[in-house]
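Asks: The following file, target_1.txt, comprises compact mmCIF, C-alpha atoms and all ligand atoms:
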```txt
# COMPACT_ATOMS: atom_id res chain seq x y z
CA MET A 1 -13.74 -0.97 14.33
CA LYS A 2 -15.64 -3.33 16.63
CA ASN A 3 -19.04 -4.49 15.40
CA ALA A 4 -20.82 -2.82 18.33
CA ASP A 5 -19.19 0.51 17.40
CA ILE A 6 -20.27 0.10 13.79
CA GLN A 7 -23.85 -0.57 14.92
CA LYS A 8 -23.75 2.56 17.06
CA LEU A 9 -22.51 4.60 14.10
CA ILE A 10 -25.29 3.18 11.90
CA GLN A 11 -27.91 4.27 14.46
CA GLN A 12 -26.64 7.81 14.18
CA PHE A 13 -25.92 7.68 10.44
CA PRO A 14 -28.30 5.18 8.82
CA LEU A 15 -26.90 5.50 5.28
CA ILE A 16 -23.77 3.69 6.50
CA GLU A 17 -25.74 0.46 6.35
CA GLN A 18 -26.20 0.92 2.59
CA LEU A 19 -22.55 1.84 2.14
CA ILE A 20 -21.47 -1.36 3.91
CA ALA A 21 -23.90 -3.35 1.72
CA LEU A 22 -22.13 -1.74 -1.31
CA LYS A 23 -25.45 -0.38 -2.62
CA GLU A 24 -25.45 2.66 -4.88
CA THR A 25 -26.18 5.45 -2.40
CA GLN A 26 -26.69 9.20 -2.45
CA TRP A 27 -26.59 11.86 0.17
CA PHE A 28 -27.49 15.49 -0.42
CA ASN A 29 -25.71 17.73 2.01
CA PRO A 30 -28.13 19.56 4.33
CA ASN A 31 -25.27 21.80 5.48
CA SER A 32 -24.42 23.22 2.06
CA THR A 33 -24.84 26.97 2.08
CA SER A 34 -24.22 30.06 -0.04
CA VAL A 35 -20.75 30.87 -1.27
CA ALA A 36 -20.77 34.09 0.73
CA ARG A 37 -21.45 32.24 3.97
CA ALA A 38 -19.16 29.27 3.30
CA LEU A 39 -16.10 31.12 2.02
CA PRO A 40 -14.70 32.28 5.38
CA HIS A 41 -14.51 28.60 6.44
CA VAL A 42 -12.45 27.43 3.47
CA GLY A 43 -9.19 29.04 4.56
CA LEU A 44 -8.31 29.96 0.98
CA THR A 45 -9.47 32.92 -1.06
CA GLN A 46 -10.03 34.32 -4.55
CA GLN A 47 -6.67 36.02 -4.11
CA ASP A 48 -4.95 32.62 -3.72
CA VAL A 49 -6.59 31.34 -6.89
CA SER A 50 -5.67 34.53 -8.76
CA GLU A 51 -2.03 33.98 -7.77
CA ALA A 52 -2.24 30.46 -9.18
CA HIS A 53 -3.53 31.87 -12.49
CA ALA A 54 -0.64 34.35 -12.55
CA ARG A 55 1.97 31.68 -11.77
CA LEU A 56 0.67 29.43 -14.58
CA ALA A 57 0.81 32.41 -16.94
CA ARG A 58 4.48 32.99 -16.00
CA PHE A 59 5.30 29.35 -16.74
CA ALA A 60 3.33 29.23 -20.02
CA PRO A 61 6.34 30.07 -22.26
CA PHE A 62 8.28 27.21 -20.64
CA ILE A 63 5.36 24.76 -20.92
CA ALA A 64 4.74 25.67 -24.58
CA GLN A 65 8.33 24.77 -25.51
CA ALA A 66 8.82 21.82 -23.15
CA PHE A 67 5.56 20.18 -24.27
CA PRO A 68 4.92 21.03 -27.94
CA GLU A 69 1.35 19.69 -27.73
CA THR A 70 0.58 22.82 -25.68
CA ALA A 71 2.06 25.22 -28.26
CA ALA A 72 -1.36 25.84 -29.85
CA SER A 73 -2.79 26.94 -26.49
CA ARG A 74 0.43 28.97 -25.86
CA GLY A 75 1.47 26.82 -22.92
CA MET A 76 -1.90 26.80 -21.19
CA ILE A 77 -2.82 23.31 -19.95
CA GLU A 78 -6.57 23.25 -20.58
CA SER A 79 -9.25 20.89 -21.92
CA ASP A 80 -12.33 21.28 -24.10
CA VAL A 81 -15.89 21.36 -22.83
CA VAL A 82 -18.36 19.74 -25.25
CA PRO A 83 -22.07 18.85 -25.43
CA ILE A 84 -22.76 15.09 -25.62
CA PRO A 85 -26.28 14.97 -27.16
CA ALA A 86 -26.07 11.38 -28.39
CA MET A 87 -25.15 10.22 -24.90
CA GLN A 88 -27.99 12.34 -23.52
CA ARG A 89 -30.45 10.49 -25.78
CA ARG A 90 -29.32 7.30 -24.03
CA PHE A 91 -30.56 8.77 -20.75
CA SER A 92 -33.63 10.40 -22.26
CA PRO A 93 -36.17 11.36 -20.99
CA ASP A 94 -34.67 11.17 -17.47
CA ILE A 95 -32.43 14.22 -17.87
CA THR A 96 -33.85 17.71 -18.35
CA GLY A 97 -31.57 20.49 -19.56
CA GLU A 98 -28.34 19.77 -21.48
CA LEU A 99 -25.65 17.15 -20.90
CA TRP A 100 -22.03 18.30 -21.35
CA LEU A 101 -18.60 16.78 -20.81
CA LYS A 102 -15.43 18.47 -19.48
CA LYS A 103 -12.59 16.60 -21.12
CA ASP A 104 -9.83 16.72 -18.50
CA SER A 105 -9.35 13.16 -19.70
CA HIS A 106 -7.60 14.75 -22.64
CA LEU A 107 -5.52 17.39 -20.87
CA PRO A 108 -2.07 17.62 -22.44
CA ILE A 109 1.08 16.20 -20.83
CA SER A 110 -0.51 13.46 -18.69
CA GLY A 111 -4.08 12.85 -19.90
CA SER A 112 -5.91 13.33 -16.60
CA ILE A 113 -7.19 15.93 -14.16
CA LYS A 114 -3.83 15.53 -12.34
CA ALA A 115 -2.26 17.62 -15.10
CA ARG A 116 -3.80 20.54 -13.19
CA GLY A 117 -2.80 20.13 -9.55
CA GLY A 118 0.24 17.88 -9.88
CA ILE A 119 2.02 19.98 -12.45
CA TYR A 120 1.11 23.21 -10.69
CA GLU A 121 2.64 22.05 -7.42
CA VAL A 122 5.93 21.05 -9.07
CA LEU A 123 6.10 24.39 -10.90
CA THR A 124 5.46 26.25 -7.63
CA HIS A 125 8.28 24.35 -5.93
CA ALA A 126 10.68 24.89 -8.85
CA GLU A 127 9.94 28.61 -8.93
CA LYS A 128 10.52 28.94 -5.19
CA LEU A 129 13.91 27.21 -5.41
CA ALA A 130 14.98 29.27 -8.43
CA PHE A 131 13.87 32.56 -6.83
CA ALA A 132 15.77 31.74 -3.63
CA ALA A 133 18.93 30.92 -5.59
CA GLY A 134 18.66 34.23 -7.47
CA LEU A 135 18.38 32.43 -10.81
CA LEU A 136 14.91 33.65 -11.71
CA THR A 137 12.63 36.66 -11.23
CA PRO A 138 8.87 36.91 -11.92
CA ASP A 139 9.54 39.17 -14.90
CA ASP A 140 11.86 36.73 -16.69
CA ASP A 141 10.91 34.72 -19.75
CA TYR A 142 10.48 31.32 -18.09
CA SER A 143 11.55 29.45 -21.23
CA LYS A 144 15.04 29.96 -19.77
CA LEU A 145 14.14 27.05 -17.46
CA LEU A 146 14.85 24.79 -20.45
CA SER A 147 18.58 25.61 -20.33
CA PRO A 148 21.18 23.06 -19.11
CA GLU A 149 22.04 25.47 -16.28
CA PHE A 150 18.57 25.01 -14.78
CA ALA A 151 18.57 21.23 -15.30
CA ARG A 152 21.87 21.12 -13.37
CA PHE A 153 20.40 23.32 -10.64
CA PHE A 154 17.23 21.24 -10.19
CA SER A 155 19.19 17.97 -10.26
CA GLN A 156 20.44 18.82 -6.75
CA TYR A 157 16.88 18.35 -5.52
CA SER A 158 14.42 15.52 -5.47
CA ILE A 159 10.64 15.17 -5.41
CA ALA A 160 8.55 12.28 -4.07
CA VAL A 161 4.85 11.44 -4.23
CA GLY A 162 2.49 8.56 -3.42
CA SER A 163 -0.14 7.77 -6.05
CA THR A 164 -2.70 5.35 -7.49
CA GLY A 165 -1.25 6.25 -10.92
CA ASN A 166 -2.31 9.52 -12.50
CA LEU A 167 -0.83 11.90 -9.94
CA GLY A 168 2.46 10.01 -10.22
CA LEU A 169 2.28 10.34 -13.99
CA SER A 170 1.81 14.11 -13.87
CA ILE A 171 4.39 14.80 -11.20
CA GLY A 172 6.90 12.35 -12.64
CA ILE A 173 6.77 13.77 -16.15
CA ILE A 174 6.99 17.47 -15.22
CA SER A 175 9.62 16.90 -12.50
CA ALA A 176 11.85 14.85 -14.82
CA ARG A 177 11.47 17.48 -17.58
CA LEU A 178 12.73 20.21 -15.23
CA GLY A 179 15.69 18.06 -14.13
CA PHE A 180 14.60 16.94 -10.65
CA HIS A 181 15.27 13.46 -9.32
CA VAL A 182 11.78 12.11 -8.83
CA THR A 183 10.41 9.04 -7.05
CA VAL A 184 6.80 7.89 -7.40
CA HIS A 185 5.46 5.49 -4.76
CA MET A 186 2.75 3.51 -6.55
CA SER A 187 -0.12 1.64 -4.89
CA ALA A 188 -1.11 -1.85 -6.03
CA ASP A 189 -4.01 -0.42 -8.10
CA ALA A 190 -1.66 1.50 -10.40
CA ARG A 191 -1.74 0.23 -13.99
CA ALA A 192 1.44 -1.37 -15.37
CA TRP A 193 1.54 0.97 -18.38
CA LYS A 194 1.66 4.04 -16.12
CA LYS A 195 4.69 2.63 -14.30
CA ALA A 196 6.39 1.71 -17.59
CA LEU A 197 5.72 5.15 -19.06
CA LEU A 198 7.19 6.86 -15.99
CA ARG A 199 10.31 4.69 -16.09
CA SER A 200 10.77 5.66 -19.75
CA HIS A 201 10.92 9.30 -18.55
CA GLY A 202 13.69 8.41 -16.08
CA VAL A 203 11.39 8.39 -13.04
CA ASN A 204 12.16 6.10 -10.09
CA VAL A 205 9.01 4.01 -9.51
CA VAL A 206 8.61 2.15 -6.21
CA GLU A 207 5.79 -0.41 -6.19
CA TYR A 208 3.68 -1.50 -3.22
CA ALA A 209 1.40 -4.50 -2.79
CA GLU A 210 -0.88 -2.31 -0.64
CA ASP A 211 -3.28 0.52 -1.39
CA TYR A 212 -2.89 4.25 -1.78
CA GLY A 213 -2.72 5.04 1.95
CA VAL A 214 0.32 2.80 2.38
CA ALA A 215 2.06 4.14 -0.74
CA VAL A 216 1.64 7.70 0.56
CA GLU A 217 2.89 6.82 4.04
CA GLN A 218 5.99 5.05 2.70
CA GLY A 219 6.68 7.93 0.32
CA ARG A 220 6.35 10.42 3.16
CA LYS A 221 8.81 8.43 5.28
CA ALA A 222 11.40 8.05 2.51
CA ALA A 223 11.23 11.77 1.74
CA ALA A 224 11.57 12.79 5.39
CA ALA A 225 14.99 11.15 5.50
CA ASP A 226 16.34 13.49 2.77
CA ALA A 227 16.54 17.24 3.45
CA ASN A 228 16.69 18.02 -0.30
CA CYS A 229 13.59 15.98 -1.02
CA PHE A 230 10.20 17.65 -1.37
CA PHE A 231 7.22 15.40 -0.64
CA ILE A 232 4.02 16.24 -2.48
CA ASP A 233 1.27 15.56 0.01
CA ASP A 234 -1.86 14.66 -1.95
CA GLU A 235 -3.86 14.37 1.29
CA ASN A 236 -3.15 17.86 2.62
CA SER A 237 -1.66 20.10 -0.04
CA ARG A 238 -3.19 23.54 -0.47
CA THR A 239 -0.94 24.12 -3.45
CA LEU A 240 -2.34 21.12 -5.35
CA PHE A 241 -5.84 22.30 -4.46
CA LEU A 242 -5.17 25.76 -5.92
CA GLY A 243 -3.78 24.23 -9.11
CA TYR A 244 -7.12 22.50 -9.60
CA ALA A 245 -9.14 25.57 -8.61
CA VAL A 246 -7.97 27.51 -11.67
CA ALA A 247 -10.38 25.36 -13.70
CA GLY A 248 -13.37 27.36 -12.42
CA GLN A 249 -12.65 30.71 -14.06
CA ARG A 250 -11.33 28.97 -17.16
CA LEU A 251 -14.61 27.05 -17.57
CA LYS A 252 -16.52 30.29 -17.12
CA ASP A 253 -14.45 31.89 -19.91
CA GLN A 254 -15.08 28.87 -22.15
CA PHE A 255 -18.83 29.04 -21.57
CA THR A 256 -18.80 32.78 -22.28
CA ARG A 257 -17.02 32.18 -25.59
CA LEU A 258 -19.61 29.49 -26.43
CA GLY A 259 -22.45 31.87 -25.58
CA LYS A 260 -23.58 29.58 -22.80
CA VAL A 261 -25.38 31.21 -19.90
CA VAL A 262 -25.04 30.12 -16.27
CA ASP A 263 -27.09 32.04 -13.70
CA ASN A 264 -29.92 31.50 -11.24
CA ALA A 265 -32.39 30.78 -14.03
CA HIS A 266 -29.89 28.50 -15.81
CA PRO A 267 -28.22 26.47 -13.05
CA LEU A 268 -25.07 24.43 -13.62
CA PHE A 269 -24.66 20.99 -12.04
CA VAL A 270 -21.14 19.58 -12.03
CA TYR A 271 -20.40 15.93 -11.29
CA LEU A 272 -16.87 15.23 -10.07
CA PRO A 273 -15.21 11.82 -9.53
CA CYS A 274 -13.58 11.81 -6.11
CA GLY A 275 -10.60 9.88 -4.76
CA VAL A 276 -8.77 11.57 -1.89
CA GLY A 277 -10.64 14.78 -2.72
CA GLY A 278 -8.00 17.29 -3.78
CA GLY A 279 -8.87 17.27 -7.47
CA PRO A 280 -12.65 17.54 -7.22
CA GLY A 281 -12.39 19.72 -4.10
CA GLY A 282 -10.10 22.23 -5.79
CA VAL A 283 -12.18 22.30 -8.96
CA ALA A 284 -15.38 22.75 -6.92
CA PHE A 285 -13.80 25.65 -5.01
CA GLY A 286 -12.82 27.31 -8.29
CA LEU A 287 -16.32 26.72 -9.70
CA LYS A 288 -18.00 28.26 -6.67
CA LEU A 289 -15.75 31.32 -6.89
CA ALA A 290 -16.45 31.69 -10.62
CA PHE A 291 -20.19 30.91 -10.81
CA GLY A 292 -21.33 31.60 -7.24
CA ASP A 293 -24.51 29.89 -6.07
CA ALA A 294 -25.59 29.12 -9.66
CA VAL A 295 -23.29 26.07 -9.63
CA HIS A 296 -24.00 22.89 -7.70
CA CYS A 297 -21.10 20.49 -7.10
CA ILE A 298 -21.75 16.77 -6.63
CA PHE A 299 -19.00 14.23 -5.83
CA ALA A 300 -19.06 10.67 -7.20
CA GLU A 301 -17.25 7.67 -5.70
CA PRO A 302 -17.15 3.89 -6.28
CA THR A 303 -19.37 1.81 -4.00
CA HIS A 304 -16.18 0.12 -2.75
CA SER A 305 -14.37 3.41 -1.93
CA PRO A 306 -16.91 5.94 -0.58
CA CYS A 307 -14.37 7.74 1.63
CA MET A 308 -15.45 11.37 1.11
CA LEU A 309 -19.17 10.65 1.45
CA LEU A 310 -18.40 8.76 4.67
CA GLY A 311 -16.12 11.49 6.04
CA VAL A 312 -18.40 14.47 5.36
CA TYR A 313 -21.66 12.65 6.21
CA THR A 314 -20.37 11.56 9.63
CA GLY A 315 -18.27 14.67 10.21
CA LEU A 316 -15.40 12.33 11.06
CA HIS A 317 -13.46 13.29 7.89
CA ASP A 318 -10.03 11.61 7.90
CA GLY A 319 -10.84 10.09 11.30
CA ILE A 320 -12.56 7.18 9.55
CA ALA A 321 -11.61 4.92 6.62
CA VAL A 322 -13.90 2.71 4.56
CA GLN A 323 -11.85 -0.29 5.74
CA ASP A 324 -12.95 0.49 9.33
CA LEU A 325 -16.43 -0.59 8.19
CA GLY A 326 -15.17 -3.67 6.37
CA ILE A 327 -15.46 -2.04 2.93
CA ASP A 328 -12.56 -3.34 0.82
CA ASN A 329 -11.52 -0.33 -1.35
CA GLN A 330 -11.23 -2.67 -4.37
CA THR A 331 -12.52 -1.01 -7.56
CA ALA A 332 -11.86 -0.92 -11.30
CA ALA A 333 -11.84 2.87 -10.88
CA ASP A 334 -8.16 2.87 -9.88
CA GLY A 335 -7.98 6.68 -9.73
CA LEU A 336 -10.67 6.66 -7.05
CA ALA A 337 -9.38 3.70 -4.98
CA VAL A 338 -8.86 5.69 -1.79
CA GLY A 339 -10.07 4.47 1.60
CA ARG A 340 -9.51 7.60 3.69
CA ALA A 341 -10.44 11.06 2.41
CA SER A 342 -8.38 14.21 2.74
CA GLY A 343 -9.29 15.81 6.07
CA PHE A 344 -8.24 19.18 4.75
CA VAL A 345 -10.56 19.06 1.73
CA GLY A 346 -13.54 17.64 3.66
CA ARG A 347 -13.33 20.30 6.34
CA ALA A 348 -12.63 23.18 3.95
CA MET A 349 -15.44 22.25 1.55
CA GLU A 350 -18.16 20.69 3.73
CA ARG A 351 -20.38 23.79 3.40
CA LEU A 352 -19.87 24.08 -0.37
CA LEU A 353 -20.43 20.53 -1.59
CA ASP A 354 -24.06 19.91 -2.50
CA GLY A 355 -24.15 16.15 -2.70
CA PHE A 356 -22.35 12.83 -2.85
CA TYR A 357 -23.22 9.49 -4.40
CA THR A 358 -21.67 6.11 -5.00
CA VAL A 359 -21.64 4.13 -8.22
CA ASP A 360 -21.07 0.46 -8.96
CA ASP A 361 -18.13 -0.63 -11.15
CA ASN A 362 -20.54 -2.33 -13.58
CA THR A 363 -22.30 0.99 -14.15
CA LEU A 364 -18.94 2.64 -14.89
CA TYR A 365 -18.12 0.01 -17.52
CA GLN A 366 -21.57 0.20 -19.10
CA GLN A 367 -21.32 3.98 -19.45
CA LEU A 368 -17.72 3.73 -20.67
CA GLY A 369 -19.03 1.58 -23.53
CA TRP A 370 -21.96 3.89 -24.30
CA LEU A 371 -19.82 7.02 -24.38
CA ALA A 372 -17.32 5.38 -26.73
CA GLN A 373 -20.11 4.15 -29.00
CA GLU A 374 -22.36 7.24 -28.98
CA GLU A 375 -19.78 10.02 -28.88
CA GLY A 376 -16.50 8.36 -29.87
CA ILE A 377 -14.96 9.52 -26.59
CA GLN A 378 -12.84 6.96 -24.70
CA LEU A 379 -12.28 7.30 -20.97
CA GLU A 380 -10.83 5.21 -18.16
CA PRO A 381 -13.36 3.73 -15.68
CA SER A 382 -12.75 6.36 -12.95
CA ALA A 383 -13.73 9.12 -15.35
CA LEU A 384 -17.26 7.77 -15.78
CA ALA A 385 -18.17 8.16 -12.11
CA GLY A 386 -19.84 11.52 -12.79
CA MET A 387 -22.01 10.12 -15.59
CA SER A 388 -24.65 8.76 -13.19
CA GLY A 389 -25.09 12.15 -11.55
CA PRO A 390 -27.57 13.90 -13.88
CA GLN A 391 -30.16 11.13 -13.50
CA ARG A 392 -29.74 11.13 -9.74
CA ILE A 393 -30.28 14.91 -9.56
CA CYS A 394 -33.09 15.06 -12.10
CA SER A 395 -35.05 12.28 -10.42
CA ASN A 396 -34.69 13.57 -6.86
CA SER A 397 -37.62 15.82 -5.95
CA GLY A 398 -36.25 16.11 -2.39
CA TYR A 399 -33.17 17.82 -3.78
CA HIS A 400 -35.26 20.13 -5.96
CA GLN A 401 -37.33 21.12 -2.94
CA LEU A 402 -34.25 21.60 -0.73
CA HIS A 403 -32.97 24.21 -3.19
CA GLY A 404 -36.35 25.51 -4.37
CA PHE A 405 -35.80 24.60 -8.04
CA SER A 406 -38.73 25.23 -10.38
CA PRO A 407 -39.43 23.04 -13.45
CA GLU A 408 -38.34 26.01 -15.62
CA GLN A 409 -34.95 26.19 -13.92
CA LEU A 410 -34.44 22.45 -14.28
CA ALA A 411 -35.39 22.61 -17.96
CA GLN A 412 -32.68 25.23 -18.52
CA ALA A 413 -30.01 23.47 -16.50
CA THR A 414 -26.61 22.32 -17.72
CA HIS A 415 -25.32 19.01 -16.39
CA LEU A 416 -21.55 18.89 -16.72
CA VAL A 417 -19.86 15.53 -16.21
CA TRP A 418 -16.18 16.03 -15.34
CA ALA A 419 -14.25 13.38 -17.29
CA THR A 420 -11.06 13.01 -15.30
CA GLY A 421 -8.85 10.56 -17.16
CA GLY A 422 -8.24 8.18 -20.04
CA GLY A 423 -6.60 10.23 -22.78
CA MET A 424 -3.31 8.35 -22.56
CA VAL A 425 -4.61 4.81 -22.00
CA PRO A 426 -2.80 2.48 -24.49
CA ALA A 427 -4.96 0.97 -27.25
CA ASP A 428 -4.76 -2.62 -25.95
CA GLU A 429 -5.77 -1.52 -22.45
CA MET A 430 -8.68 0.49 -23.89
CA ALA A 431 -9.77 -2.51 -25.97
CA HIS A 432 -9.87 -4.48 -22.74
CA TYR A 433 -12.10 -1.83 -21.07
CA LEU A 434 -14.43 -1.77 -24.09
CA ALA A 435 -14.66 -5.57 -24.12
CA LYS A 436 -15.61 -5.49 -20.43
CA ALA A 437 -18.28 -2.88 -21.22
CA ARG A 438 -19.86 -5.28 -23.73
C1 LIG B 501 -7.04 11.29 -9.09
C2 LIG B 501 -8.20 11.09 -9.94
C3 LIG B 501 -9.47 11.52 -9.55
C4 LIG B 501 -9.80 12.14 -8.21
O1 LIG B 501 -8.88 13.07 -7.70
P1 LIG B 501 -8.59 13.10 -6.12
O2 LIG B 501 -7.76 14.30 -5.93
O3 LIG B 501 -7.85 11.83 -5.80
O4 LIG B 501 -9.91 13.14 -5.44
C5 LIG B 501 -10.52 11.29 -10.41
N1 LIG B 501 -10.34 10.69 -11.59
C6 LIG B 501 -9.13 10.27 -12.01
C7 LIG B 501 -9.01 9.61 -13.33
C8 LIG B 501 -8.03 10.46 -11.19
O5 LIG B 501 -6.84 10.04 -11.60
```
Here is a file; write its structure as structure tokens.
Ligand SMILES: *Cc1c(COP(=O)(O)O)cnc(C)c1O
Replies:
Amino acid sequence: MKNADIQKLIQQFPLIEQLIALKETQWFNPNSTSVARALPHVGLTQQDVSEAHARLARFAPFIAQAFPETAASRGMIESDVVPIPAMQRRFSPDITGELWLKKDSHLPISGSIKARGGIYEVLTHAEKLAFAAGLLTPDDDYSKLLSPEFARFFSQYSIAVGSTGNLGLSIGIISARLGFHVTVHMSADARAWKKALLRSHGVNVVEYAEDYGVAVEQGRKAAAADANCFFIDDENSRTLFLGYAVAGQRLKDQFTRLGKVVDNAHPLFVYLPCGVGGGPGGVAFGLKLAFGDAVHCIFAEPTHSPCMLLGVYTGLHDGIAVQDLGIDNQTAADGLAVGRASGFVGRAMERLLDGFYTVDDNTLYQQLGWLAQEEGIQLEPSALAGMSGPQRICSNSGYHQLHGFSPEQLAQATHLVWATGGGMVPADEMAHYLAKAR
């Protein structure tokens, strides 16, 4: 972008100046509206999410046997939600209400939020192929997918994906387990251990010196040349999005079991780390369906990769990248190192997302250290992006006024930080993160 064009954009959208200066920034969405009003614009429905629940239930007997760590949950890939009172004392008295953590960092199979969408999309593709070949019906016991016959069948097909690491991990592991040939196109940010782990599962890993956008483009091209290859499109996939959306009703069920109330008098604020947007977008959609207007969804991005804030704030969506403004997309939060947001997610969700903020890498490391020390919970840097959210919301009277929150409501609020990854980080790598935090 030419400097004159950037100056013009800043005149119209003044916060861009702060984004370019890499300052921690927040923007509360003046166009957010009620679920009832926004829903017709999303293009997906409760029915779509219900079908995703049903599909995951069909696959549960397969998952339980293929991944024994899910046997206890009978093949359901789900994470705990826990209060983090010691961490809250760190932030005291700036946060009113209760501080909780959703531990998608510790989801089985791949240790990140990508164990929702990534795995769901591969299962959807596998089911479609097996139905079409007459090998499977919805009423079958899906543990038959573990048989050599199915591995032979799936080995005729391949799957490809571009990733900063965690999506590749999820899709690689589940695809290889079913018998697919699978290629993961990894951006330069991807950690070495993720590539090594994938190779140990028999996954073909292609490495790029460039960022996520390039890895996706190259993956898309390679897949287009092979009619039997299915490309998982992280930037545009509605299937991935629905895999994430299932989290909403599941969280509601967990809160019900814990006796935790969410309603107008007890609002729920959820803070979601955002890369390309599919993960947090899908989860936010599921949350809005499950909790209605009692839930507020806030996206968090690194100061060096504020692609979704930029896209929704300007209305340009995937028509602008942070690099167009000279922002470098270099961050320790490798899962969030995305320069151009999903246009599909931004457009579908722009009336449902309540706010966006950016956070500095140093803040992520500091909070990574605190959470490990206070709660004994170890996360990767990306997963801390949501941890700054409660203070930003609690301290912003403009936001309280915008939504008409009373002090009573805020005192009874739950602040839920969505921890998106870190459960499978090797000990030496984690020691390195903790040393940086100190
Ligand atoms: C991928 C990822 C996210 C964000 O998901 P997107 O779909 O890219 O927005 C957040 N945290 C971690 C750890 C991730 O791997």
Asks: Can you tell me which residues sit at most 6 Å away from ligand LIG 501 (chain B), counting all atoms listed in the file, written as a PyMOL selection string?
Replies: chain A and resi 112+166+273-280+335-336+382-383+420-421
Asks: Write the residues you've just listed into a file as an mmCIF file, in the frame of the given file, and include C-alpha atoms for each of them.
Replies:
```cif
data_model
loop_
_atom_site.group_PDB
_atom_site.id
_atom_site.type_symbol
_atom_site.label_atom_id
_atom_site.label_comp_id
_atom_site.auth_asym_id
_atom_site.auth_seq_id
_atom_site.Cartn_x
_atom_site.Cartn_y
_atom_site.Cartn_z
ATOM 1 C CA SER A 112 -5.910 13.330 -16.600
ATOM 2 C CA ASN A 166 -2.310 9.520 -12.500
ATOM 3 C CA PRO A 273 -15.210 11.820 -9.530
ATOM 4 C CA CYS A 274 -13.580 11.810 -6.110
ATOM 5 C CA GLY A 275 -10.600 9.880 -4.760
ATOM 6 C CA VAL A 276 -8.770 11.570 -1.890
ATOM 7 C CA GLY A 277 -10.640 14.780 -2.720
ATOM 8 C CA GLY A 278 -8.000 17.290 -3.780
ATOM 9 C CA GLY A 279 -8.870 17.270 -7.470
ATOM 10 C CA PRO A 280 -12.650 17.540 -7.220
ATOM 11 C CA GLY A 335 -7.980 6.680 -9.730
ATOM 12 C CA LEU A 336 -10.670 6.660 -7.050
ATOM 13 C CA SER A 382 -12.750 6.360 -12.950
ATOM 14 C CA ALA A 383 -13.730 9.120 -15.350
ATOM 15 C CA THR A 420 -11.060 13.010 -15.300
ATOM 16 C CA GLY A 421 -8.850 10.560 -17.160
#
```
Asks: Mind giving me the straight-line distance from CA of Cys394 (chain A) to CA of Pro93 (chain A) in Å, one decimal?
Replies: 10.1 Å
Asks: Here is a test: counting all atoms listed in the file, which residue of A:Phe91, A:Phe344, A:Phe356, A:Phe269 is nearest to Arg238 (chain A)?
Replies: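 Of the candidates, the smallest distance to Arg238 (chain A) is held by A:Phe344.
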Asks: If I take CA of Ile77 (chain A) and CA of Ser342 (chain A), how far is one from the other in Å, to one decimal?
Replies: 25.1 Å
Asks: Just the residues within 10 Å of region 226-231 of chain A, please, counting all atoms listed in the file, with nothing from its chain fewer than 3 positions along; format it as an mmCIF file with C-alpha atoms, keeping the file's coordinate frame.
Replies:
```cif
data_model
loop_
_atom_site.group_PDB
_atom_site.id
_atom_site.type_symbol
_atom_site.label_atom_id
_atom_site.label_comp_id
_atom_site.auth_asym_id
_atom_site.auth_seq_id
_atom_site.Cartn_x
_atom_site.Cartn_y
_atom_site.Cartn_z
ATOM 1 C CA VAL A 122 5.930 21.050 -9.070
ATOM 2 C CA HIS A 125 8.280 24.350 -5.930
ATOM 3 C CA GLN A 156 20.440 18.820 -6.750
ATOM 4 C CA TYR A 157 16.880 18.350 -5.520
ATOM 5 C CA SER A 158 14.420 15.520 -5.470
ATOM 6 C CA ILE A 159 10.640 15.170 -5.410
ATOM 7 C CA ALA A 160 8.550 12.280 -4.070
ATOM 8 C CA VAL A 161 4.850 11.440 -4.230
ATOM 9 C CA GLY A 162 2.490 8.560 -3.420
ATOM 10 C CA PHE A 180 14.600 16.940 -10.650
ATOM 11 C CA HIS A 181 15.270 13.460 -9.320
ATOM 12 C CA VAL A 182 11.780 12.110 -8.830
ATOM 13 C CA THR A 183 10.410 9.040 -7.050
ATOM 14 C CA VAL A 216 1.640 7.700 0.560
ATOM 15 C CA GLY A 219 6.680 7.930 0.320
ATOM 16 C CA ARG A 220 6.350 10.420 3.160
ATOM 17 C CA LYS A 221 8.810 8.430 5.280
ATOM 18 C CA ALA A 222 11.400 8.050 2.510
ATOM 19 C CA ALA A 223 11.230 11.770 1.740
ATOM 20 C CA ASP A 234 -1.860 14.660 -1.950
#
```
Asks: Hey, which of A:Glu301, A:Leu197, A:Gly346, A:Tyr142 ends up closest to Asn236 (chain A)? Count all atoms listed in the file.
Replies: A:Gly346
